[in-house]
Amino acid sequence: MSQTVDEVLRTCEFLGDESGYRLLKLPANGITLAAGIIAEASLPFTAMLADRHEVTMLLPEEVCQEFQNRLKMATISEFAYRLITVEAILEPELTGLIARVSRSLADFGIPVLVFAAYSRDHILVPADCFDKALAALRSLQESAQQ
């Protein structure tokens with residue numbers, strides 16, 4: 001039987017960590033640099049996406065500072081993000097979870113960046129919206145309990 005969004009919302013936790021993260025953009029040929037930084041840094045969470053236009057990274061703020069000399073060609077977001085992980089094993093067939101989460105956060109005016117791992121989803125929100133985002137997600141969970 002496949003998971004439903006309500007089942008996930010009833011049983012998952014929305015967990016944040018204490019780190020601030022920055023979004024970075026490198027030129028498309030910056031993939032080796034990006035992979036090297038990920039390999040060398042001790043990272044609680046990171047994301048990298050490469051397409052034909054650019055390499056996008058999400059790194060903890062302290063890693064950006066540690067590697068600032070190697071990131072001179074990077075465009076770095078002006079503000080920090082905070083991470084919220086949907087702490088549940090999610091089935092690949094699950095449909096609609098991110099739509100519900102995004103809608104809930106949009107209702108509070110909170111922008112999101114979503115990164116999916118193999119079995120978990122990660123949501124990034126502006127750091128100054130973190131507490132409000134967690135409250136909105138907990139309210140969403142309460143509505144799934146009914």
# chains A, B, ... in the order shown; residues from 1 in each chain; ligands from 1

$ residues_around --residues "range 74-82 of chain A" --least-positions-apart "2" --cutoff "9 Å" --atoms "only C-alpha atoms" --output "list of chain:residue names"
A:Gly16, A:Asp17, A:Glu18, A:Ser19, A:Gly20, A:Tyr21, A:Arg22, A:Leu23, A:Leu24, A:Lys25, A:Leu26, A:Pro27, A:Gly30, A:Glu61, A:Cys64, A:Arg70, A:Leu71, A:Lys72, A:Ile84, A:Ile123, A:Leu124, A:Val125, A:Pro126, A:Ala127, A:Asp128, A:Cys129, A:Phe130

$ select_by_dssp --residues "chain A" --states "strand (DSSP E or B)" --output "NGL selection string"
:A and (13-16 or 21-27 or 47-50 or 54-60 or 75-76 or 81-87 or 113-116 or 121-126)

$ residues_around --residues "Ala136 in chain A" --least-positions-apart "3" --cutoff "9 Å" --atoms "only C-alpha atoms" --output "ChimeraX atom specification"
/A:101,104-105,107-108,131-133,139-141

$ write_last_selection --atoms "C-alpha atoms" --output "PDB file, in the first residue's frame"
ATOM      1  CA  VAL A 101       3.844  21.882   2.595  1.00  0.00           C
ATOM      2  CA  SER A 104       0.940  25.929   3.999  1.00  0.00           C
ATOM      3  CA  LEU A 105       4.116  28.017   3.968  1.00  0.00           C
ATOM      4  CA  ASP A 107      -0.239  31.027   3.195  1.00  0.00           C
ATOM      5  CA  PHE A 108       2.166  32.616   5.714  1.00  0.00           C
ATOM      6  CA  ASP A 131      10.167  29.806  13.637  1.00  0.00           C
ATOM      7  CA  LYS A 132       7.096  30.905  11.697  1.00  0.00           C
ATOM      8  CA  ALA A 133       7.695  28.101   9.166  1.00  0.00           C
ATOM      9  CA  SER A 139      -0.374  23.481  12.202  1.00  0.00           C
ATOM     10  CA  LEU A 140      -0.490  21.525   8.947  1.00  0.00           C
ATOM     11  CA  GLN A 141       0.246  18.350  10.910  1.00  0.00           C
TER      12      GLN A 141
END

$ closest_atom_pairs --of "range 33-136 of chain A" --to "range 1-9 of chain A" --cutoff "10 Å" --atoms "only C-alpha atoms" --output "Markdown table"
| residue | atom | partner | partner_atom | distance |
| --- | --- | --- | --- | --- |
| A:Val86 | CA | A:Leu9 | CA | 9.1 |
| A:Glu87 | CA | A:Val8 | CA | 9.5 |
| A:Ala88 | CA | A:Val8 | CA | 7.2 |
| A:Ile89 | CA | A:Val8 | CA | 8.8 |
| A:Leu90 | CA | A:Gln3 | CA | 7.8 |
| A:Glu91 | CA | A:Gln3 | CA | 6.8 |
| A:Pro92 | CA | A:Ser2 | CA | 9.3 |
| A:Glu93 | CA | A:Ser2 | CA | 7.0 |
| A:Leu94 | CA | A:Gln3 | CA | 6.1 |
| A:Thr95 | CA | A:Val5 | CA | 7.2 |
| A:Gly96 | CA | A:Val5 | CA | 6.5 |
| A:Leu97 | CA | A:Val5 | CA | 5.4 |
| A:Ile98 | CA | A:Val5 | CA | 9.1 |
| A:Ala99 | CA | A:Val5 | CA | 9.8 |
| A:Arg100 | CA | A:Val5 | CA | 8.2 |
| A:Val101 | CA | A:Leu9 | CA | 9.5 |

$ select_by_dssp --residues "range 3-91 of chain A" --states "alpha helix (DSSP H)" --output "PyMOL selection string"
chain A and resi 5-11+31-40+61-66

$ closest_residue --among "A:Leu134, A:Ala117, A:Leu49, A:Leu43" --to "Val63 in chain A" --atoms "only C-alpha atoms"
A:Leu43

$ atom_distance --atom1 "CA of Val55 in chain A" --atom2 "CA of Ile37 in chain A"
12.8 Å

$ atom_distance --atom1 "CA of Arg10 in chain A" --atom2 "CA of Ala144 in chain A"
6.1 Å
